[in-house]
file final.csv (CSV, C-alpha atoms and all ligand atoms)
chain,number,residue,atom,x,y,z
T,1,MET,CA,20.0,0.9,1.9
T,2,GLN,CA,19.6,4.6,1.6
T,3,LYS,CA,17.1,6.0,4.0
T,4,LEU,CA,15.5,8.5,1.6
T,5,GLY,CA,12.1,8.5,3.4
T,6,THR,CA,8.8,9.3,1.9
T,7,VAL,CA,9.7,11.5,-1.1
T,8,THR,CA,7.0,12.5,-3.6
T,9,LEU,CA,6.6,10.1,-6.5
T,10,GLU,CA,4.8,10.7,-9.7
T,11,THR,CA,3.1,8.2,-12.1
T,12,LYS,CA,1.0,8.7,-15.2
T,13,ARG,CA,-2.2,9.3,-13.2
T,14,LEU,CA,-1.1,9.7,-9.6
T,15,ILE,CA,1.0,11.7,-7.2
T,16,LEU,CA,2.3,9.8,-4.2
T,17,ARG,CA,3.1,12.2,-1.4
T,18,ARG,CA,3.4,12.5,2.4
T,19,PHE,CA,0.2,12.6,4.4
T,20,THR,CA,-0.7,15.7,6.5
T,21,PRO,CA,-3.3,15.9,9.3
T,22,ASP,CA,-5.4,17.9,6.8
T,23,ASP,CA,-6.0,14.8,4.8
T,24,ALA,CA,-8.2,13.4,7.7
T,25,GLU,CA,-11.6,14.2,6.0
T,26,ASP,CA,-10.5,12.5,2.7
T,27,MET,CA,-9.1,9.5,4.6
T,28,TYR,CA,-12.2,9.0,6.6
T,29,GLN,CA,-14.7,9.6,3.7
T,30,ASN,CA,-12.8,7.8,1.0
T,31,TRP,CA,-11.7,4.6,2.7
T,32,ALA,CA,-11.1,4.5,6.4
T,33,SER,CA,-14.8,4.4,7.4
T,34,ASP,CA,-15.8,1.8,4.8
T,35,PRO,CA,-16.1,-1.8,6.1
T,36,GLU,CA,-15.7,-3.2,2.5
T,37,VAL,CA,-12.3,-1.6,2.3
T,38,THR,CA,-11.2,-2.7,5.7
T,39,ARG,CA,-12.6,-6.2,5.4
T,40,PHE,CA,-9.2,-7.9,4.9
T,41,LEU,CA,-7.2,-5.3,6.8
T,42,THR,CA,-5.8,-5.5,10.3
T,43,TRP,CA,-7.3,-2.3,11.7
T,44,PRO,CA,-10.9,-1.5,12.4
T,45,CYS,CA,-12.9,1.2,10.5
T,46,HIS,CA,-12.4,4.7,11.9
T,47,SER,CA,-15.3,6.0,13.9
T,48,SER,CA,-14.9,9.7,12.9
T,49,PRO,CA,-12.7,12.1,10.9
T,50,GLU,CA,-11.1,13.0,14.3
T,51,ALA,CA,-9.9,9.4,14.6
T,52,SER,CA,-8.3,9.6,11.2
T,53,ARG,CA,-6.7,12.9,12.1
T,54,ALA,CA,-5.2,11.4,15.2
T,55,ILE,CA,-3.5,8.7,13.1
T,56,LEU,CA,-2.3,11.2,10.6
T,57,VAL,CA,-0.8,13.4,13.3
T,58,GLU,CA,1.3,10.3,14.4
T,59,TRP,CA,2.3,9.5,10.8
T,60,ALA,CA,3.3,13.1,10.1
T,61,ALA,CA,5.6,13.0,13.1
T,62,GLN,CA,7.3,9.8,11.9
T,63,TYR,CA,8.3,11.3,8.5
T,64,ALA,CA,11.5,12.7,10.0
T,65,ASP,CA,12.8,9.1,10.0
T,66,GLY,CA,14.2,8.3,6.6
T,67,GLY,CA,13.2,4.7,7.1
T,68,VAL,CA,9.5,5.5,7.0
T,69,PHE,CA,7.8,5.0,3.6
T,70,GLN,CA,4.1,6.0,3.9
T,71,TRP,CA,2.4,7.6,0.9
T,72,ALA,CA,-0.9,9.3,0.3
T,73,ILE,CA,-2.3,8.4,-3.1
T,74,VAL,CA,-3.7,11.5,-5.0
T,75,PRO,CA,-5.1,11.5,-8.5
T,76,LYS,CA,-3.7,14.2,-10.8
T,77,VAL,CA,-7.2,15.0,-11.9
T,78,SER,CA,-8.5,15.8,-8.4
T,79,PRO,CA,-6.6,17.0,-5.3
T,80,GLN,CA,-8.2,14.6,-2.9
T,81,VAL,CA,-6.5,11.7,-1.2
T,82,ILE,CA,-8.0,8.3,-2.3
T,83,GLY,CA,-5.8,5.8,-0.6
T,84,SER,CA,-2.5,4.8,0.9
T,85,ILE,CA,0.5,2.7,0.2
T,86,ALA,CA,3.3,2.0,2.6
T,87,ALA,CA,6.2,-0.2,3.6
T,88,VAL,CA,4.6,-1.9,6.6
T,89,LYS,CA,7.8,-3.9,7.5
T,90,LEU,CA,11.5,-3.3,6.8
T,91,ASP,CA,14.3,-5.6,7.4
T,92,GLU,CA,17.5,-3.6,6.9
T,93,GLU,CA,19.8,-6.7,7.4
T,94,ILE,CA,18.5,-8.2,4.2
T,95,CYS,CA,17.3,-5.0,2.5
T,96,SER,CA,13.8,-6.3,2.4
T,97,ALA,CA,10.4,-4.5,2.6
T,98,GLU,CA,6.8,-5.6,2.8
T,99,ILE,CA,4.2,-3.4,1.2
T,100,GLY,CA,0.6,-2.7,2.3
T,101,TYR,CA,-2.0,-0.6,0.5
T,102,CYS,CA,-5.7,0.3,0.4
T,103,LEU,CA,-7.9,2.4,-1.9
T,104,GLY,CA,-11.3,4.0,-1.7
T,105,LYS,CA,-14.0,1.7,-3.3
T,106,ALA,CA,-15.1,4.4,-5.8
T,107,TYR,CA,-11.6,4.1,-7.4
T,108,TRP,CA,-11.3,0.3,-7.6
T,109,GLY,CA,-11.0,-1.4,-11.0
T,110,GLN,CA,-8.9,1.2,-12.9
T,111,GLY,CA,-5.5,-0.3,-12.3
T,112,LEU,CA,-4.6,2.6,-10.0
T,113,MET,CA,-3.0,0.4,-7.2
T,114,PRO,CA,-0.8,-1.6,-9.6
T,115,GLU,CA,0.4,1.8,-10.9
T,116,ALA,CA,1.2,3.1,-7.4
T,117,LEU,CA,2.8,-0.2,-6.4
T,118,THR,CA,5.0,-0.2,-9.5
T,119,ALA,CA,6.2,3.3,-8.7
T,120,VAL,CA,6.9,2.4,-5.1
T,121,MET,CA,8.8,-0.7,-6.1
T,122,ARG,CA,10.9,1.2,-8.6
T,123,PHE,CA,11.8,3.8,-5.9
T,124,LEU,CA,12.6,1.2,-3.3
T,125,PHE,CA,14.7,-1.0,-5.6
T,126,PHE,CA,16.6,1.5,-7.5
T,127,ASP,CA,16.8,4.6,-5.2
T,128,VAL,CA,16.6,3.2,-1.7
T,129,GLY,CA,18.5,0.0,-2.7
T,130,MET,CA,16.1,-2.7,-1.5
T,131,ASN,CA,16.8,-6.2,-2.7
T,132,ARG,CA,13.5,-7.9,-2.0
T,133,ILE,CA,10.0,-6.4,-2.0
T,134,ALA,CA,7.1,-8.6,-0.7
T,135,ALA,CA,3.4,-8.3,0.0
T,136,CYS,CA,0.9,-10.8,1.4
T,137,HIS,CA,-2.9,-11.1,1.2
T,138,ASP,CA,-5.7,-13.2,2.7
T,139,VAL,CA,-6.4,-16.1,0.4
T,140,ASN,CA,-10.0,-14.8,0.3
T,141,ASN,CA,-8.8,-11.4,-1.1
T,142,PRO,CA,-7.5,-12.4,-4.6
T,143,LYS,CA,-8.0,-8.9,-6.0
T,144,SER,CA,-5.1,-7.8,-3.9
T,145,GLY,CA,-3.1,-10.7,-5.3
T,146,ARG,CA,-3.9,-9.4,-8.8
T,147,VAL,CA,-2.4,-6.0,-7.9
T,148,MET,CA,0.9,-7.8,-6.8
T,149,GLU,CA,0.9,-9.9,-10.0
T,150,LYS,CA,0.4,-6.8,-12.2
T,151,ALA,CA,3.3,-5.1,-10.5
T,152,GLY,CA,5.5,-8.1,-11.2
T,153,MET,CA,5.6,-10.0,-7.9
T,154,LYS,CA,5.8,-13.8,-8.1
T,155,TYR,CA,3.8,-16.2,-6.0
T,156,GLU,CA,6.0,-17.8,-3.3
T,157,GLY,CA,3.6,-19.8,-1.2
T,158,THR,CA,0.7,-19.8,1.2
T,159,LEU,CA,1.3,-19.7,4.9
T,160,ARG,CA,-1.5,-21.6,6.7
T,161,GLN,CA,-3.3,-19.6,9.5
T,162,ALA,CA,-0.4,-17.2,9.6
T,163,GLY,CA,-2.3,-13.9,9.6
T,164,ARG,CA,-5.2,-12.2,11.4
T,165,ASN,CA,-7.4,-9.5,9.9
T,166,ASN,CA,-11.0,-8.2,10.4
T,167,GLN,CA,-12.2,-11.6,9.3
T,168,GLY,CA,-10.2,-13.5,11.9
T,169,ILE,CA,-7.3,-15.9,11.5
T,170,CYS,CA,-6.5,-16.4,7.8
T,171,ASP,CA,-4.2,-18.2,5.4
T,172,LEU,CA,-1.7,-15.7,3.9
T,173,VAL,CA,-0.5,-15.8,0.3
T,174,VAL,CA,3.0,-14.4,0.0
T,175,ARG,CA,4.3,-12.8,-3.3
T,176,ALA,CA,7.6,-11.0,-3.9
T,177,ALA,CA,10.0,-9.6,-6.4
T,178,LEU,CA,13.8,-9.4,-6.3
T,179,ARG,CA,15.7,-6.5,-7.7
T,180,SER,CA,17.8,-8.8,-9.9
T,181,GLU,CA,14.8,-10.3,-11.7
T,182,TRP,CA,12.2,-7.4,-11.6
T,183,THR,CA,11.4,-5.7,-14.9
T,184,ILE,CA,9.2,-2.6,-14.8
T,185,PRO,CA,5.7,-3.6,-16.0
T,186,GLU,CA,4.3,-1.9,-19.1
D,201,LIG,C1,-7.0,-4.6,-3.6
D,201,LIG,C2,-7.1,-3.1,-4.2
D,201,LIG,C3,-6.0,-2.3,-3.6
D,201,LIG,C4,-7.1,-3.2,-5.7
D,201,LIG,O1,-6.8,-1.9,-6.2
D,201,LIG,P1,-7.3,-1.5,-7.7
D,201,LIG,O2,-6.7,-0.2,-8.0
D,201,LIG,O3,-8.8,-1.7,-7.8
D,201,LIG,O4,-6.6,-2.7,-8.6
D,201,LIG,P2,-7.0,-3.2,-10.1
D,201,LIG,O5,-7.8,-2.1,-10.7
D,201,LIG,O6,-5.8,-3.7,-10.7
D,201,LIG,O7,-8.0,-4.4,-9.8
D,201,LIG,C5,-7.5,-5.6,-9.2
D,201,LIG,C6,-8.6,-6.6,-9.1
D,201,LIG,O8,-9.6,-6.2,-8.3
D,201,LIG,C7,-10.9,-6.7,-8.8
D,201,LIG,N1,-11.8,-5.6,-9.0
D,201,LIG,C8,-11.7,-4.6,-9.9
D,201,LIG,N2,-12.7,-3.7,-9.8
D,201,LIG,C9,-13.4,-4.1,-8.8
D,201,LIG,C10,-14.6,-3.6,-8.2
D,201,LIG,N3,-15.2,-2.5,-8.6
D,201,LIG,N4,-15.1,-4.3,-7.2
D,201,LIG,C11,-14.6,-5.4,-6.7
D,201,LIG,N5,-13.4,-5.9,-7.3
D,201,LIG,C12,-12.9,-5.3,-8.3
D,201,LIG,C13,-10.6,-7.4,-10.1
D,201,LIG,O9,-10.5,-8.8,-9.7
D,201,LIG,C14,-9.2,-6.9,-10.5
D,201,LIG,O10,-8.4,-7.9,-11.2
D,201,LIG,P3,-8.4,-7.9,-12.8
D,201,LIG,O11,-7.9,-6.6,-13.3
D,201,LIG,O12,-7.6,-9.1,-13.1
D,201,LIG,O13,-9.9,-8.0,-13.2
D,201,LIG,C15,-8.4,-2.5,-3.7
D,201,LIG,O14,-9.5,-3.3,-4.1
D,201,LIG,C16,-8.5,-2.2,-2.2
D,201,LIG,O15,-8.1,-1.2,-1.7
D,201,LIG,N6,-9.2,-3.2,-1.5
D,201,LIG,C17,-9.4,-3.0,-0.1
D,201,LIG,C18,-8.1,-3.0,0.8
D,201,LIG,C19,-7.3,-4.2,0.6
D,201,LIG,O16,-7.8,-5.3,0.4
D,201,LIG,N7,-5.9,-4.0,0.5
D,201,LIG,C20,-5.0,-5.1,0.4
D,201,LIG,C21,-4.8,-5.9,1.6
D,201,LIG,S1,-3.6,-7.2,1.4
call {"tool": "encode", "arguments": {"input": "final.csv", "output": "structure tokens", "more": "lines below"}}
Ligand SMILES: CC(C)(COP(=O)(O)OP(=O)(O)OC[C@H]1O[C@@H](n2cnc3c(N)ncnc32)[C@H](O)[C@@H]1OP(=O)(O)O)[C@@H](O)C(=O)NCCC(=O)NCCS
result
Amino acid sequence: MQKLGTVTLETKRLILRRFTPDDAEDMYQNWASDPEVTRFLTWPCHSSPEASRAILVEWAAQYADGGVFQWAIVPKVSPQVIGSIAAVKLDEEICSAEIGYCLGKAYWGQGLMPEALTAVMRFLFFDVGMNRIAACHDVNNPKSGRVMEKAGMKYEGTLRQAGRNNQGICDLVVRAALRSEWTIPE
């Protein structure tokens, strides 16, 4: 595994780049303050832009570690940050990563997250050298499952009462792709 860290990635419609503390207002306004976005996430809504800034200050300090993969999602057509995508778990022994993501509600339904996830998978498989990339979602959040499917992850199973999010304890659907089998979606 090559610890390349959070380098800037480009897709047809998006730039994926490092967060800076100056993204706090966008983060707060576009997704972190919205209970619909955080409904199936593990963290509570932020109470203010200052709360978002405090987290971004922490994240910015972590970027020096090449094992940190935490991107801000920015549409090419407007300079604001509309969401995030990150490797939330890494297992270097088996070159495996688990991905998490969220997007502001105003931007749902345009296939933006599958586009971002595909770019992240391509980078982690072929540049960083990951062998397995997984993601999981609450069974009651199938739209996240659709993102994983569109990016070429396969259903592996449902773990009963294996997760906890803002809805409480939940069953977790696990999906994943292996480098040897993954083909870049159209
Ligand atoms: C899950 C999420 C990332 C999807 O991103 P996206 O860019 O909208 O993804 P897509 O455009 O491919 O849409 C995926 C599915 O969401 C649903 N969807 C699309 N637009 C929607 C809208 N406006 N409102 C509600 N659901 C919508 C559809 O079921 C769609 O599947 P389909 O294309 O087969 O119809 C986004 O909804 C989100 O950030 N949700 C909140 C955070 C979250 O749940 N993160 C994942 C935790 S595991």
call {"tool": "residues_around", "arguments": {"input": "final.csv", "residues": "segment 176-179 of chain T", "least_positions_apart": "2", "cutoff": "12 Å", "atoms": "only C-alpha atoms", "output": "ChimeraX atom specification"}}
result
/T:94-99,117-118,121-137,145,147-157,173-174,181-184
call {"tool": "write_last_selection", "arguments": {"input": "final.csv", "atoms": "C-alpha atoms", "output": "CSV table (one decimal), keeping the file's coordinate frame"}}
result
chain,number,residue,atom,x,y,z
T,94,ILE,CA,18.5,-8.2,4.2
T,95,CYS,CA,17.3,-5.0,2.5
T,96,SER,CA,13.8,-6.3,2.4
T,97,ALA,CA,10.4,-4.5,2.6
T,98,GLU,CA,6.8,-5.6,2.8
T,99,ILE,CA,4.2,-3.4,1.2
T,117,LEU,CA,2.8,-0.2,-6.4
T,118,THR,CA,5.0,-0.2,-9.5
T,121,MET,CA,8.8,-0.7,-6.1
T,122,ARG,CA,10.9,1.2,-8.6
T,123,PHE,CA,11.8,3.8,-5.9
T,124,LEU,CA,12.6,1.2,-3.3
T,125,PHE,CA,14.7,-1.0,-5.6
T,126,PHE,CA,16.6,1.5,-7.5
T,127,ASP,CA,16.8,4.6,-5.2
T,128,VAL,CA,16.6,3.2,-1.7
T,129,GLY,CA,18.5,0.0,-2.7
T,130,MET,CA,16.1,-2.7,-1.5
T,131,ASN,CA,16.8,-6.2,-2.7
T,132,ARG,CA,13.5,-7.9,-2.0
T,133,ILE,CA,10.0,-6.4,-2.0
T,134,ALA,CA,7.1,-8.6,-0.7
T,135,ALA,CA,3.4,-8.3,0.0
T,136,CYS,CA,0.9,-10.8,1.4
T,137,HIS,CA,-2.9,-11.1,1.2
T,145,GLY,CA,-3.1,-10.7,-5.3
T,147,VAL,CA,-2.4,-6.0,-7.9
T,148,MET,CA,0.9,-7.8,-6.8
T,149,GLU,CA,0.9,-9.9,-10.0
T,150,LYS,CA,0.4,-6.8,-12.2
T,151,ALA,CA,3.3,-5.1,-10.5
T,152,GLY,CA,5.5,-8.1,-11.2
T,153,MET,CA,5.6,-10.0,-7.9
T,154,LYS,CA,5.8,-13.8,-8.1
T,155,TYR,CA,3.8,-16.2,-6.0
T,156,GLU,CA,6.0,-17.8,-3.3
T,157,GLY,CA,3.6,-19.8,-1.2
T,173,VAL,CA,-0.5,-15.8,0.3
T,174,VAL,CA,3.0,-14.4,0.0
T,181,GLU,CA,14.8,-10.3,-11.7
T,182,TRP,CA,12.2,-7.4,-11.6
T,183,THR,CA,11.4,-5.7,-14.9
T,184,ILE,CA,9.2,-2.6,-14.8
call {"tool": "atom_distance", "arguments": {"input": "final.csv", "atom1": "atom CA of Thr42 of chain T", "atom2": "atom N7 of ligand LIG 201 (chain D)"}}
result
9.9 Å
call {"tool": "residues_around", "arguments": {"input": "final.csv", "residues": "Thr11 of chain T", "least_positions_apart": "5", "cutoff": "8 Å", "atoms": "all atoms listed in the file", "output": "PyMOL selection string"}}
result
chain T and resi 115-116+119
call {"tool": "residues_near_ligand", "arguments": {"input": "final.csv", "ligand": "ligand LIG 201 (chain D)", "cutoff": "9 Å", "atoms": "all atoms listed in the file", "output": "JSON, numbers by chain"}}
result
{"T": [31, 36, 37, 38, 39, 40, 41, 42, 83, 84, 99, 100, 101, 102, 103, 104, 105, 106, 107, 108, 109, 110, 111, 112, 113, 114, 115, 116, 135, 136, 137, 138, 141, 142, 143, 144, 145, 146, 147, 148, 150]}
call {"tool": "residues_near_point", "arguments": {"input": "final.csv", "point": "(5.4, 8.1, 6.0)", "cutoff": "12 Å", "atoms": "only C-alpha atoms", "output": "NGL selection string"}}
result
:T and (4-8 or 16-20 or 55-73 or 84-88)
call {"tool": "atom_distance", "arguments": {"input": "final.csv", "atom1": "atom CA of Ala24 of chain T", "atom2": "atom CA of Pro75 of chain T"}}
result
16.6 Å
call {"tool": "atom_distance", "arguments": {"input": "final.csv", "atom1": "atom CA of Arg13 of chain T", "atom2": "atom CA of Pro185 of chain T"}}
result
15.4 Å
call {"tool": "closest_residue", "arguments": {"input": "final.csv", "among": "T:Ser180, T:Gln80, T:Gln161, T:Gln167", "to": "Glu25 of chain T", "atoms": "all atoms listed in the file"}}
result
T:Gln80
